[in-house]
Structures are given as C-alpha cells and as structure tokens.
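*Asks:* Handing over structure_0.tsv, TSV, C-alpha atoms.
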chain	number	residue	atom	x	y	z
I	1	MET	CA	10.76	26.11	8.43
I	2	GLU	CA	14.00	24.90	6.85
I	3	ASP	CA	14.52	25.07	3.10
I	4	MET	CA	16.61	22.00	2.43
I	5	VAL	CA	18.88	19.63	4.29
I	6	GLY	CA	22.11	18.13	3.05
I	7	THR	CA	23.29	19.12	-0.41
I	8	GLN	CA	23.09	22.60	-1.89
I	9	PRO	CA	19.48	23.27	-2.98
I	10	GLN	CA	18.87	23.19	-6.71
I	11	PRO	CA	17.14	26.17	-8.37
I	12	VAL	CA	13.38	25.71	-8.59
I	13	THR	CA	10.52	27.85	-9.90
I	14	ILE	CA	7.21	27.88	-8.01
I	15	ALA	CA	4.04	29.23	-9.64
I	16	PHE	CA	1.73	31.02	-7.18
I	17	ASP	CA	-1.97	31.45	-7.86
I	18	VAL	CA	-2.25	34.94	-6.43
I	19	MET	CA	-6.02	35.40	-6.67
I	20	GLY	CA	-9.14	34.16	-4.87
I	21	THR	CA	-7.85	33.93	-1.30
I	22	ASP	CA	-9.61	35.15	1.84
I	23	HIS	CA	-7.11	37.96	2.39
I	24	GLY	CA	-6.69	39.07	-1.22
I	25	PRO	CA	-3.73	39.04	-3.63
I	26	ALA	CA	-1.49	41.38	-1.62
I	27	GLU	CA	-0.98	38.77	1.11
I	28	VAL	CA	0.18	36.15	-1.40
I	29	VAL	CA	2.50	38.69	-3.02
I	30	ARG	CA	3.98	39.53	0.39
I	31	GLY	CA	4.59	35.83	1.02
I	32	ALA	CA	6.35	35.46	-2.32
I	33	ALA	CA	8.38	38.59	-1.58
I	34	MET	CA	9.41	37.10	1.75
I	35	LEU	CA	10.44	33.94	-0.05
I	36	SER	CA	12.55	35.91	-2.53
I	37	LEU	CA	14.59	37.32	0.36
I	38	GLU	CA	14.90	34.12	2.39
I	39	SER	CA	15.44	31.40	-0.23
I	40	PRO	CA	17.92	32.27	-3.00
I	41	HIS	CA	17.29	28.99	-4.85
I	42	ILE	CA	13.54	29.64	-5.28
I	43	HIS	CA	12.17	31.75	-8.12
I	44	THR	CA	8.51	32.75	-7.80
I	45	LEU	CA	6.16	33.11	-10.75
I	46	LEU	CA	3.15	35.17	-9.66
I	47	VAL	CA	-0.01	34.48	-11.67
I	48	GLY	CA	-2.93	36.89	-11.44
I	49	ASP	CA	-3.99	40.47	-12.13
I	50	ARG	CA	-0.74	42.19	-13.11
I	51	THR	CA	-1.82	45.61	-11.88
I	52	LEU	CA	-2.72	44.32	-8.43
I	53	ILE	CA	0.49	42.29	-8.25
I	54	ASP	CA	2.67	45.23	-9.32
I	55	ASP	CA	0.98	47.52	-6.81
I	56	ALA	CA	1.59	45.03	-4.00
I	57	LEU	CA	5.22	44.51	-5.02
I	58	ALA	CA	5.78	48.27	-5.07
I	59	GLU	CA	4.83	48.37	-1.38
I	60	THR	CA	6.80	45.28	-0.33
I	61	LYS	CA	10.51	44.69	0.07
I	62	HIS	CA	11.58	41.93	-2.34
I	63	ASN	CA	14.30	40.69	-4.66
I	64	GLY	CA	13.07	41.51	-8.16
I	65	GLU	CA	15.51	39.07	-9.77
I	66	ARG	CA	13.67	36.15	-8.12
I	67	ILE	CA	10.12	37.18	-9.01
I	68	SER	CA	8.28	37.26	-12.32
I	69	VAL	CA	4.66	37.92	-13.19
I	70	GLN	CA	2.18	36.27	-15.55
I	71	HIS	CA	-1.07	38.17	-16.09
I	72	ALA	CA	-4.38	36.36	-15.65
I	73	ALA	CA	-7.47	38.53	-15.83
I	74	ASP	CA	-9.93	36.12	-14.20
I	75	PHE	CA	-10.01	34.24	-10.91
I	76	ILE	CA	-12.29	31.73	-9.17
I	77	GLY	CA	-13.86	32.76	-5.89
I	78	MET	CA	-14.15	30.55	-2.82
I	79	ASP	CA	-17.92	30.20	-3.18
I	80	GLU	CA	-17.95	29.28	-6.88
I	81	LYS	CA	-18.57	25.74	-8.14
I	82	PRO	CA	-15.21	24.57	-9.54
I	83	GLY	CA	-16.38	22.85	-12.73
I	84	GLU	CA	-18.77	25.58	-13.77
I	85	ALA	CA	-16.31	28.34	-12.90
I	86	LEU	CA	-13.43	26.80	-14.87
I	87	ALA	CA	-15.72	26.33	-17.86
I	88	ARG	CA	-16.69	30.02	-17.76
I	89	LYS	CA	-13.17	31.20	-16.97
I	90	PRO	CA	-10.61	29.05	-18.82
I	91	ASN	CA	-7.98	31.73	-18.18
I	92	ALA	CA	-8.58	32.03	-14.45
I	93	SER	CA	-5.37	32.42	-12.46
I	94	VAL	CA	-5.31	28.86	-11.06
I	95	ALA	CA	-5.84	27.38	-14.54
I	96	VAL	CA	-3.12	29.55	-16.07
I	97	ALA	CA	-0.73	28.64	-13.24
I	98	ALA	CA	-1.42	24.91	-13.65
I	99	ARG	CA	-0.89	25.19	-17.41
I	100	LEU	CA	2.46	26.96	-16.88
I	101	VAL	CA	3.60	24.18	-14.56
I	102	ALA	CA	2.50	21.53	-17.07
I	103	GLU	CA	4.46	23.33	-19.80
I	104	GLY	CA	7.61	23.40	-17.68
I	105	GLU	CA	7.65	27.13	-16.89
I	106	ALA	CA	7.54	26.17	-13.21
I	107	GLN	CA	8.02	22.93	-11.27
I	108	ALA	CA	5.22	23.29	-8.72
I	109	LEU	CA	2.00	25.16	-8.03
I	110	VAL	CA	0.91	26.82	-4.78
I	111	SER	CA	-2.62	28.13	-4.32
I	112	ALA	CA	-4.62	29.40	-1.35
I	113	GLY	CA	-7.78	29.73	-3.44
I	114	ASN	CA	-10.74	27.45	-4.15
I	115	THR	CA	-9.58	23.89	-3.36
I	116	GLY	CA	-11.89	22.16	-5.83
I	117	ALA	CA	-10.86	24.49	-8.64
I	118	GLY	CA	-7.20	23.85	-7.90
I	119	VAL	CA	-7.62	20.06	-7.93
I	120	LEU	CA	-9.69	20.20	-11.13
I	121	ALA	CA	-7.20	22.52	-12.86
I	122	CYS	CA	-4.40	20.10	-12.00
I	123	ALA	CA	-6.45	17.13	-13.21
I	124	ARG	CA	-6.93	18.88	-16.56
I	125	HIS	CA	-3.31	19.91	-17.07
I	126	PHE	CA	-1.21	17.36	-15.15
I	127	GLN	CA	-0.89	13.61	-15.66
I	128	LEU	CA	-1.45	10.98	-13.01
I	129	ILE	CA	1.65	9.00	-12.09
I	130	PRO	CA	1.50	5.52	-13.69
I	131	GLY	CA	-0.20	3.17	-11.24
I	132	VAL	CA	-2.20	5.95	-9.57
I	133	ARG	CA	-5.93	5.82	-10.32
I	134	ARG	CA	-7.04	8.75	-8.17
I	135	ALA	CA	-5.19	11.68	-6.64
I	136	ALA	CA	-5.36	12.25	-2.87
I	137	LEU	CA	-5.50	15.43	-0.83
I	138	ALA	CA	-3.29	14.99	2.21
I	139	THR	CA	-2.99	17.20	5.25
I	140	VAL	CA	-0.91	17.31	8.39
I	141	TYR	CA	-2.28	17.55	11.92
I	142	PRO	CA	-0.64	18.00	15.34
I	143	THR	CA	-0.04	14.97	17.55
I	144	ARG	CA	1.25	14.13	21.00
I	145	SER	CA	4.25	12.29	19.53
I	146	VAL	CA	7.08	13.69	17.43
I	147	ARG	CA	8.90	12.00	14.59
I	148	GLY	CA	11.81	12.23	12.17
I	149	ALA	CA	15.13	14.05	12.29
I	150	LYS	CA	13.41	17.38	13.01
I	151	GLY	CA	11.20	16.12	15.84
I	152	ASP	CA	8.21	16.93	13.66
I	153	PRO	CA	4.98	17.12	15.74
I	154	PHE	CA	2.77	16.48	12.71
I	155	SER	CA	1.31	13.33	11.19
I	156	LEU	CA	-0.18	13.00	7.72
I	157	ILE	CA	-3.71	11.88	6.87
I	158	LEU	CA	-5.00	11.13	3.37
I	159	ASP	CA	-7.33	11.34	1.62
I	160	VAL	CA	-9.25	14.27	3.11
I	161	GLY	CA	-11.48	15.14	0.18
I	162	ALA	CA	-10.17	14.45	-3.31
I	163	THR	CA	-11.40	10.83	-3.63
I	164	VAL	CA	-14.63	10.36	-1.69
I	165	GLU	CA	-15.08	6.66	-2.45
I	166	ALA	CA	-11.75	4.83	-2.43
I	167	THR	CA	-11.16	1.22	-3.46
I	168	ALA	CA	-8.63	-1.13	-1.90
I	169	ASP	CA	-6.29	-0.26	-4.80
I	170	ASP	CA	-6.67	3.42	-3.98
I	171	LEU	CA	-5.97	2.90	-0.28
I	172	VAL	CA	-2.78	0.97	-1.05
I	173	THR	CA	-1.68	3.71	-3.44
I	174	PHE	CA	-2.45	6.40	-0.84
I	175	ALA	CA	-0.25	4.51	1.65
I	176	VAL	CA	2.66	4.48	-0.79
I	177	MET	CA	2.27	8.17	-1.62
I	178	GLY	CA	1.84	9.23	2.00
I	179	SER	CA	4.88	7.24	3.09
I	180	ALA	CA	7.03	8.84	0.37
I	181	TYR	CA	5.86	12.33	1.30
I	182	ALA	CA	6.48	11.78	5.02
I	183	ARG	CA	10.02	10.54	4.33
I	184	ILE	CA	10.82	13.75	2.44
I	185	ILE	CA	9.06	16.40	4.53
I	186	SER	CA	9.58	14.99	8.04
I	187	GLN	CA	12.95	13.39	7.24
I	188	ASN	CA	11.49	10.21	8.67
I	189	GLU	CA	13.28	7.30	7.02
I	190	ARG	CA	10.65	4.70	7.98
I	191	PRO	CA	7.29	6.35	8.67
I	192	LYS	CA	4.66	4.21	10.37
I	193	VAL	CA	1.66	3.77	8.07
I	194	ALA	CA	-1.82	2.70	9.25
I	195	LEU	CA	-5.33	2.26	7.93
I	196	LEU	CA	-8.13	4.07	9.74
I	197	SER	CA	-10.82	1.59	10.79
I	198	ASN	CA	-13.32	0.80	13.54
I	199	GLY	CA	-11.00	-1.67	15.24
I	200	ILE	CA	-7.35	-2.71	15.22
I	201	GLU	CA	-8.03	-6.30	14.16
I	202	PRO	CA	-7.15	-7.10	10.50
I	203	GLN	CA	-10.71	-8.20	9.73
I	204	LYS	CA	-12.31	-5.00	11.04
I	205	GLY	CA	-13.75	-2.47	8.62
I	206	PRO	CA	-15.46	-2.58	5.22
I	207	PRO	CA	-14.18	-5.06	2.59
I	208	ARG	CA	-11.95	-2.49	0.88
I	209	VAL	CA	-10.14	-1.78	4.17
I	210	VAL	CA	-9.75	-5.49	4.94
I	211	GLU	CA	-8.34	-6.13	1.46
I	212	ALA	CA	-5.98	-3.13	1.67
I	213	HIS	CA	-4.79	-4.38	5.08
I	214	ALA	CA	-3.88	-7.79	3.62
I	215	ARG	CA	-2.00	-6.25	0.70
I	216	LEU	CA	-0.11	-3.66	2.75
I	217	SER	CA	0.97	-6.37	5.18
I	218	GLU	CA	2.86	-8.00	2.32
I	219	MET	CA	4.68	-4.84	1.18
I	220	LYS	CA	8.20	-4.83	2.62
I	221	ASP	CA	8.98	-1.23	1.65
I	222	ILE	CA	6.04	0.14	3.66
I	223	HIS	CA	6.28	0.18	7.46
I	224	PHE	CA	2.67	-0.87	7.86
I	225	ILE	CA	1.51	-1.16	11.48
I	226	GLY	CA	-2.07	-2.27	10.77
I	227	ASN	CA	-5.34	-0.57	11.66
I	228	VAL	CA	-5.77	2.36	14.00
I	229	GLU	CA	-8.95	3.87	15.45
I	230	GLY	CA	-10.02	7.49	15.69
I	231	ILE	CA	-8.59	7.79	19.20
I	232	ASP	CA	-5.12	7.09	17.77
I	233	ILE	CA	-5.15	10.09	15.44
I	234	PRO	CA	-4.18	12.81	17.98
I	235	LYS	CA	-1.90	10.40	19.85
I	236	GLY	CA	0.39	10.11	16.83
I	237	THR	CA	0.27	6.31	16.87
I	238	ALA	CA	0.94	6.39	13.12
I	239	ASP	CA	2.95	8.86	11.04
I	240	VAL	CA	0.66	8.36	8.04
I	241	ILE	CA	-3.03	7.47	8.34
I	242	VAL	CA	-4.85	6.24	5.23
I	243	THR	CA	-8.58	6.48	4.60
I	244	ASP	CA	-11.05	7.54	1.92
I	245	GLY	CA	-11.88	11.17	1.23
I	246	PHE	CA	-15.27	11.11	2.95
I	247	VAL	CA	-14.04	9.78	6.29
I	248	GLY	CA	-10.82	11.79	6.08
I	249	ASN	CA	-12.67	15.04	5.53
I	250	VAL	CA	-14.98	14.36	8.49
I	251	CYS	CA	-11.92	13.64	10.68
I	252	LEU	CA	-10.17	16.80	9.52
I	253	LYS	CA	-13.17	19.01	10.27
I	254	MET	CA	-13.55	17.35	13.67
I	255	LEU	CA	-9.90	18.05	14.53
I	256	GLU	CA	-10.30	21.68	13.48
I	257	GLY	CA	-13.48	21.93	15.55
I	258	VAL	CA	-11.85	20.50	18.67
I	259	HIS	CA	-9.00	22.99	18.38
I	260	ASP	CA	-11.38	25.93	17.97
I	261	THR	CA	-13.53	24.75	20.90
I	262	VAL	CA	-10.54	24.42	23.23
I	263	VAL	CA	-9.41	27.95	22.35
I	264	GLU	CA	-12.93	29.34	22.91
I	265	LEU	CA	-13.27	27.57	26.27
I	266	ALA	CA	-9.94	28.96	27.41
I	267	GLN	CA	-11.00	32.46	26.42
I	268	TYR	CA	-14.31	32.04	28.28
I	269	ALA	CA	-12.54	30.77	31.39
I	270	TYR	CA	-10.10	33.66	31.28
I	271	LYS	CA	-12.93	36.19	31.26
I	272	GLU	CA	-15.16	34.52	33.84
I	273	SER	CA	-12.89	33.58	36.70
I	274	LEU	CA	-9.85	35.12	38.39
I	275	ARG	CA	-8.82	31.61	39.48
I	276	TRP	CA	-8.93	30.35	35.89
I	277	ARG	CA	-7.06	33.44	34.75
I	278	ALA	CA	-4.26	32.74	37.22
I	279	GLY	CA	-4.14	29.09	36.19
I	280	LEU	CA	-3.98	29.93	32.50
I	281	ALA	CA	-1.18	32.41	33.19
I	282	MET	CA	0.82	29.67	34.90
I	283	LEU	CA	0.24	27.40	31.90
I	284	SER	CA	1.02	30.12	29.35
I	285	SER	CA	4.20	28.51	28.03
I	286	GLY	CA	2.41	25.20	27.46
I	287	ILE	CA	-0.56	26.92	25.84
I	288	GLN	CA	1.80	28.78	23.51
I	289	ARG	CA	3.40	25.44	22.57
I	290	ILE	CA	-0.04	24.03	21.71
I	291	LYS	CA	-0.79	27.14	19.65
I	292	ASP	CA	2.51	26.80	17.80
I	293	ILE	CA	2.03	23.17	16.78
I	294	THR	CA	-1.63	23.59	15.82
I	295	ASP	CA	-0.96	26.70	13.73
I	296	TRP	CA	-1.23	25.78	10.05
I	297	ASN	CA	0.92	28.84	9.23
I	298	GLN	CA	3.90	26.75	10.37
I	299	TYR	CA	3.56	24.02	7.77
I	300	GLY	CA	2.29	26.05	4.82
I	301	GLY	CA	-0.10	23.76	3.03
I	302	ALA	CA	-1.42	20.36	2.07
I	303	PRO	CA	-0.13	18.37	-0.91
I	304	ILE	CA	-2.24	16.89	-3.67
I	305	LEU	CA	-0.52	13.55	-4.24
I	306	GLY	CA	-0.67	11.43	-7.37
I	307	PHE	CA	0.05	13.87	-10.18
I	308	ASP	CA	3.32	14.09	-12.07
I	309	LYS	CA	3.61	17.73	-10.97
I	310	ILE	CA	3.47	19.18	-7.47
I	311	PHE	CA	0.46	21.08	-6.12
I	312	ILE	CA	0.53	22.48	-2.56
I	313	LYS	CA	-2.83	23.77	-1.36
I	314	ALA	CA	-2.38	26.52	1.23
I	315	HIS	CA	-5.18	27.40	3.64
I	316	GLY	CA	-7.61	30.02	2.33
I	317	ARG	CA	-6.84	32.22	5.35
I	318	SER	CA	-3.09	32.04	4.75
I	319	LYS	CA	-1.08	35.17	5.35
I	320	SER	CA	2.41	35.93	4.12
I	321	ARG	CA	4.34	33.58	6.42
I	322	ALA	CA	2.11	30.61	5.57
I	323	ILE	CA	2.43	31.40	1.85
I	324	ALA	CA	6.22	31.55	2.11
I	325	ASN	CA	6.30	28.25	4.00
I	326	ALA	CA	4.06	26.63	1.38
I	327	GLY	CA	6.58	27.70	-1.26
I	328	LYS	CA	9.41	26.17	0.75
I	329	VAL	CA	7.53	22.88	1.12
I	330	ALA	CA	6.85	22.82	-2.63
I	331	ALA	CA	10.51	23.44	-3.41
I	332	LYS	CA	11.60	20.72	-0.99
I	333	VAL	CA	9.25	18.19	-2.57
I	334	VAL	CA	10.46	19.08	-6.08
I	335	SER	CA	14.15	18.91	-5.14
I	336	ASN	CA	13.70	15.51	-3.50
I	337	ASN	CA	11.83	14.15	-6.54
I	338	LEU	CA	8.66	12.97	-4.83
I	339	GLY	CA	7.26	11.62	-8.10
I	340	ALA	CA	10.17	9.21	-8.52
I	341	ALA	CA	9.80	8.03	-4.92
I	342	ILE	CA	6.11	7.30	-5.50
I	343	ARG	CA	6.75	5.49	-8.77
I	344	GLU	CA	9.41	3.34	-7.10
I	345	GLY	CA	7.08	2.53	-4.21
I	346	LEU	CA	4.30	1.46	-6.54
I	347	LYS	CA	6.56	-1.11	-8.20
I	348	THR	CA	6.68	-3.25	-5.05
What would the structure in this file look like if it were written as structure tokens?
*Replies:*
Amino acid sequence: MEDMVGTQPQPVTIAFDVMGTDHGPAEVVRGAAMLSLESPHIHTLLVGDRTLIDDALAETKHNGERISVQHAADFIGMDEKPGEALARKPNASVAVAARLVAEGEAQALVSAGNTGAGVLACARHFQLIPGVRRAALATVYPTRSVRGAKGDPFSLILDVGATVEATADDLVTFAVMGSAYARIISQNERPKVALLSNGIEPQKGPPRVVEAHARLSEMKDIHFIGNVEGIDIPKGTADVIVTDGFVGNVCLKMLEGVHDTVVELAQYAYKESLRWRAGLAMLSSGIQRIKDITDWNQYGGAPILGFDKIFIKAHGRSKSRAIANAGKVAAKVVSNNLGAAIREGLKT
C-alpha cells in the first residue's frame, strides 16, 4: 500500500478509535505503531483507555514523536445499539475521536469498532458537505478487471448501509462522491460509474433509479456508463457502482458469503481427495492471488462519504497491517482534498 504519489506528502494527523474492536486495543496500537515507522508524514492520535494504550506501546516498537494519546474511559461494544450507547456514554472513544477531528486536532478518523456508532458520532460532530443530503458508506470489492495507474483490482460500491432508502438526488450525489474517491484512491482519472438495476435499459428499475439515470446521463464530468446488473459486479464492468443502502448491504454480504464458501469448498476438497489435493497444489499460485485480492487487510477500510471530515471504517477483525493501511488511506484522502473534489463535482 503506497502512501502518496507525486509531490512530497503533507503532514497529517489521524485519530484512531482504539477501543471496541474484535481483537482488542493492542492490535490497533500495533497498527498505529507500524504506521509511525513507515510513514513519517503521518502523526497518530490514539483515543481510548490510556493505561491499555501505554501498556501496548511499551511492548511495541514505535516512533514516540509520531504518536500521542487522548484518554477516553468508555467505549461502545460491537453488540450495543449505537444511539442508546452514545447517549449513555457521551465520552466513549469513538465520540471523543470524532469530536477531536471536528475541532481540528486531527484531520481524519479511523475506527474498527461499531459501525453504526461511528457513523452516528460523525453525524453529530461533522457537517455534511453542501449539496449532500445523506452520507454514504462505500466499500471496495475484488473484480476480474483492474483499473487506474496502480492496476487496482478493486471497484467501489455505495451505499452499503448508511442510507437505506435513497432518493434520485441521493443516488446522483453518491455517484459524484464515489467517482471523486475512485479518482484519488485508484489513481483512475475517469472512473466508470454505473447504477445497479435489474436491467441495462435506461427505463429499468424503480422510479428513483430511472430518474437518476436520466440526470447522470447529462453530467459531463461523470463517466456514466448506464445501468449494470448484479452479474456485472464481480466482472468489474464499472469502477463505481451506485445503489441504496439496503440493496448495497445485501450485495456486500452476498460477496462476502461467496468468498467464504469458495474457501470452505477448497478446504473440503483438499481433505477429501488426493486428486483434488494435487490439483489445488498445481493452482496454488492462482489461489494465493485470489486470496491476496480478496483480503480486506490490503485496502484497510471503507470510507463514509459526504461529511466535511474523513472517516475510514476498518473491518472489526482488522489486525495491525489492516489498521496501518486504513491510516494510509485516510491520509491519502486528506492530502488530496476529497471534500473539495466532491463539492466541485456537485456544482455540475
């Protein structure tokens, strides 16, 4: 995962919500420590239980000049209801981290904790970009095709959960935001944007999709290729796929399920048959390639798009490498001024 391309990276501070992850605070601290050694332009602000953070830092090689700590006594667990938990715990780590970003102590937030709590904390402390009615949770997924200067094997889909019922206005906004993000992260100057529907014809889909199709077709700054169907998602037909949060979340879970099933079937075949075992051994390099591009540790996290500040949501099972990569993605987005790119795109 590269830090930046082109000019010398500008200093940036990333706030990390250390608490509430599947693997505990030490794994997030190790990721931040890794970042402090690999990326001189990134300063990490660790938010959480100071004692636990200090203990983890004492056991981890790091650059102390690039790490600071902000104590937060409470945290929100994965199984807690976000609204109720934030009401009971106004000083939970994710809320404190979001507040610090809003106050300018850091330029972006990274959390591997409760997704709903993270989105709600941002909604309470950040401002929506003018022209954005609802924020969108975007995520990347592996595809057959590659794109951009880096030969990136990932496409972007949004929304996958933040806005369950999206209007035509929302879908158009999601397209603008997704296109801007893809240009920055994949170094893809003209990402192909599509609407997810039940047919490729312009009139296919519910009224909001049909209306969004007509409006996106008129936008010269968006490389809109029309509608795509579910079969086009893994093919990589589009670089950015736009849908509402309900459909997007179903698609995301399906993609995760297919990946897990393929892995389980391969493991079963390996155990049950010598012939399959030999075949899998011959295909080992290809299988490793599939594992590499489907491993979410490689890309760090998913952005919440639409706020004036950056929030990267790392997977709850993230270990140190994924945490470090999430920090690098956040820094790259900040340095390339994603907010300005979105605002400019919404003017057209």
*Asks:* So the first atom is atom CA of I:Leu156 and the second is atom CA of I:Val240; what is the distance between them in Å, to one decimal place?
*Replies:*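 Atom CA of I:Val240 lies at a distance of 4.7 Å from atom CA of I:Leu156.
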*Asks:* Calculate how many Å separate atom CA of I:Gly48 from atom CA of I:Ala72, rounding to one decimal.
*Replies:*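 If I compute the distance from atom CA of I:Gly48 to atom CA of I:Ala72, I get 4.5 Å.
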*Asks:* Counting all atoms listed in the file, which residues have an atom no more than 9 Å from (-1.0, 20.1, -1.0) in the file's coordinates? Please list them as a list in words.
*Replies:*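 The residues near that point, listed by chain and number, are Val110, Ser111, Leu137, Ala138, Thr139, Gly300, Gly301, Ala302, Pro303, Ile304, Leu305, Ile310, Phe311, Ile312, Lys313, Ala314, Ala326 and Ala330 of chain I.
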*Asks:* Please identify all polymer residues within 8 Å of I:Ala98, counting only C-alpha atoms, omitting same-chain residues fewer than 5 positions from it, and present them as a PDB file with C-alpha atoms, in the coordinates of the input.
*Replies:*
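Contents of part_21.pdb, as written:
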ATOM      1  CA  LEU I 109       2.000  25.160  -8.030  1.00  0.00           C
ATOM      2  CA  ALA I 121      -7.200  22.520 -12.860  1.00  0.00           C
ATOM      3  CA  CYS I 122      -4.400  20.100 -12.000  1.00  0.00           C
ATOM      4  CA  HIS I 125      -3.310  19.910 -17.070  1.00  0.00           C
ATOM      5  CA  PHE I 126      -1.210  17.360 -15.150  1.00  0.00           C
TER       6      PHE I 126
END
*Asks:* Hey, which of I:Thr243, I:Asn249, I:Asn91, I:Ser36 ends up closest to I:Ser197? Count only C-alpha atoms.
*Replies:*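 Looking at the shortest contact to I:Ser197, the residue is I:Thr243.
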*Asks:* Just checking: using all atoms listed in the file, which residue out of I:Leu86, I:Cys251, I:Val176, I:Leu100 ends up closest to I:Val160?
*Replies:* I:Cys251
*Asks:* Could you check how far atom CA of I:Arg133 sits from atom CA of I:Gly306, in Å to one decimal?
*Replies:* 8.2 Å
*Asks:* With all atoms listed in the file as the basis for distance, which of I:Pro130, I:Gly77, I:Gly205, I:Gly118 is at the shortest distance from I:His23?
*Replies:*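 Between I:Pro130, I:Gly77, I:Gly205, I:Gly118, the residue approaching I:His23 most closely is I:Gly77.
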*Asks:* Between I:Lys319, I:Thr143, I:Pro206, I:Gln187, which one has atoms that come closest to I:Ile233, using all atoms listed in the file?
*Replies:*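 When distances to I:Ile233 are compared using all atoms listed in the file, the smallest one comes from I:Thr143.
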*Asks:* Considering only C-alpha atoms, return as a list of chain:residue names whatever protein or nucleic-acid residues lie within 9 Å of I:Gln107, sequence-local ones (same chain, fewer than 4 positions apart) excluded.
*Replies:*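 Answer for this query is I:Val12, I:Thr13, I:Ile14, I:Ala15, I:Leu100, I:Val101, I:Ala102, I:Lys309, I:Ile310, I:Ala330, I:Ala331, I:Val334.
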*Asks:* Which one of I:Thr167, I:Gln203, I:Gln70, I:Ser217 sits closest to I:Ala97 if you count only C-alpha atoms?
*Replies:*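 Among the listed residues, I:Gln70 lies closest to I:Ala97.
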*Asks:* Counting only C-alpha atoms, which residue out of I:Ala106, I:Ala32, I:Ala194, I:Leu45 sits closest to I:Ala322?
*Replies:*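 Result for the nearest residue to I:Ala322: I:Ala32.
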*Asks:* Near I:Thr51, within 10 Å and counting all atoms listed in the file, which residues show up once chain neighbours fewer than 4 positions away are dropped, as an MDAnalysis selection string?
*Replies:* chainID I and resid 55:57 71 73
*Asks:* Tell me which protein, DNA and RNA residues are within 12 Å of I:Arg343, counting only C-alpha atoms, leaving out same-chain ones fewer than 2 positions away, and put them as a VMD selection string.
*Replies:* chain I and resid 128 to 132 173 176 to 177 180 305 to 308 337 to 341 345 to 348
*Asks:* Now that the selection is made, can you save its residues with C-alpha atoms as a JSON list (two decimals), in the coordinates of the input?
*Replies:*
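Saved the output as part_27.json:
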[["chain", "number", "residue", "atom", "x", "y", "z"],
["I", 128, "LEU", "CA", -1.45, 10.98, -13.01],
["I", 129, "ILE", "CA", 1.65, 9.00, -12.09],
["I", 130, "PRO", "CA", 1.50, 5.52, -13.69],
["I", 131, "GLY", "CA", -0.20, 3.17, -11.24],
["I", 132, "VAL", "CA", -2.20, 5.95, -9.57],
["I", 173, "THR", "CA", -1.68, 3.71, -3.44],
["I", 176, "VAL", "CA", 2.66, 4.48, -0.79],
["I", 177, "MET", "CA", 2.27, 8.17, -1.62],
["I", 180, "ALA", "CA", 7.03, 8.84, 0.37],
["I", 305, "LEU", "CA", -0.52, 13.55, -4.24],
["I", 306, "GLY", "CA", -0.67, 11.43, -7.37],
["I", 307, "PHE", "CA", 0.05, 13.87, -10.18],
["I", 308, "ASP", "CA", 3.32, 14.09, -12.07],
["I", 337, "ASN", "CA", 11.83, 14.15, -6.54],
["I", 338, "LEU", "CA", 8.66, 12.97, -4.83],
["I", 339, "GLY", "CA", 7.26, 11.62, -8.10],
["I", 340, "ALA", "CA", 10.17, 9.21, -8.52],
["I", 341, "ALA", "CA", 9.80, 8.03, -4.92],
["I", 345, "GLY", "CA", 7.08, 2.53, -4.21],
["I", 346, "LEU", "CA", 4.30, 1.46, -6.54],
["I", 347, "LYS", "CA", 6.56, -1.11, -8.20],
["I", 348, "THR", "CA", 6.68, -3.25, -5.05]]
*Asks:* Identify the residues within 12 Å of coordinate (0.0, 4.1, 18.1) (same frame as the file), considering all atoms listed in the file, and give the answer as a short mmCIF file (atom, residue, chain, number, x, y, z; two decimals) with C-alpha atoms, in the coordinates of the input.
*Replies:*
data_model
loop_
_atom_site.label_atom_id
_atom_site.label_comp_id
_atom_site.auth_asym_id
_atom_site.auth_seq_id
_atom_site.Cartn_x
_atom_site.Cartn_y
_atom_site.Cartn_z
CA THR I 143 -0.04 14.97 17.55
CA ARG I 144 1.25 14.13 21.00
CA SER I 145 4.25 12.29 19.53
CA VAL I 146 7.08 13.69 17.43
CA SER I 155 1.31 13.33 11.19
CA LYS I 192 4.66 4.21 10.37
CA VAL I 193 1.66 3.77 8.07
CA ALA I 194 -1.82 2.70 9.25
CA LEU I 195 -5.33 2.26 7.93
CA LEU I 196 -8.13 4.07 9.74
CA ILE I 200 -7.35 -2.71 15.22
CA PHE I 224 2.67 -0.87 7.86
CA ILE I 225 1.51 -1.16 11.48
CA GLY I 226 -2.07 -2.27 10.77
CA ASN I 227 -5.34 -0.57 11.66
CA VAL I 228 -5.77 2.36 14.00
CA GLU I 229 -8.95 3.87 15.45
CA GLY I 230 -10.02 7.49 15.69
CA ILE I 231 -8.59 7.79 19.20
CA ASP I 232 -5.12 7.09 17.77
CA ILE I 233 -5.15 10.09 15.44
CA PRO I 234 -4.18 12.81 17.98
CA LYS I 235 -1.90 10.40 19.85
CA GLY I 236 0.39 10.11 16.83
CA THR I 237 0.27 6.31 16.87
CA ALA I 238 0.94 6.39 13.12
CA ASP I 239 2.95 8.86 11.04
CA VAL I 240 0.66 8.36 8.04
CA ILE I 241 -3.03 7.47 8.34
#
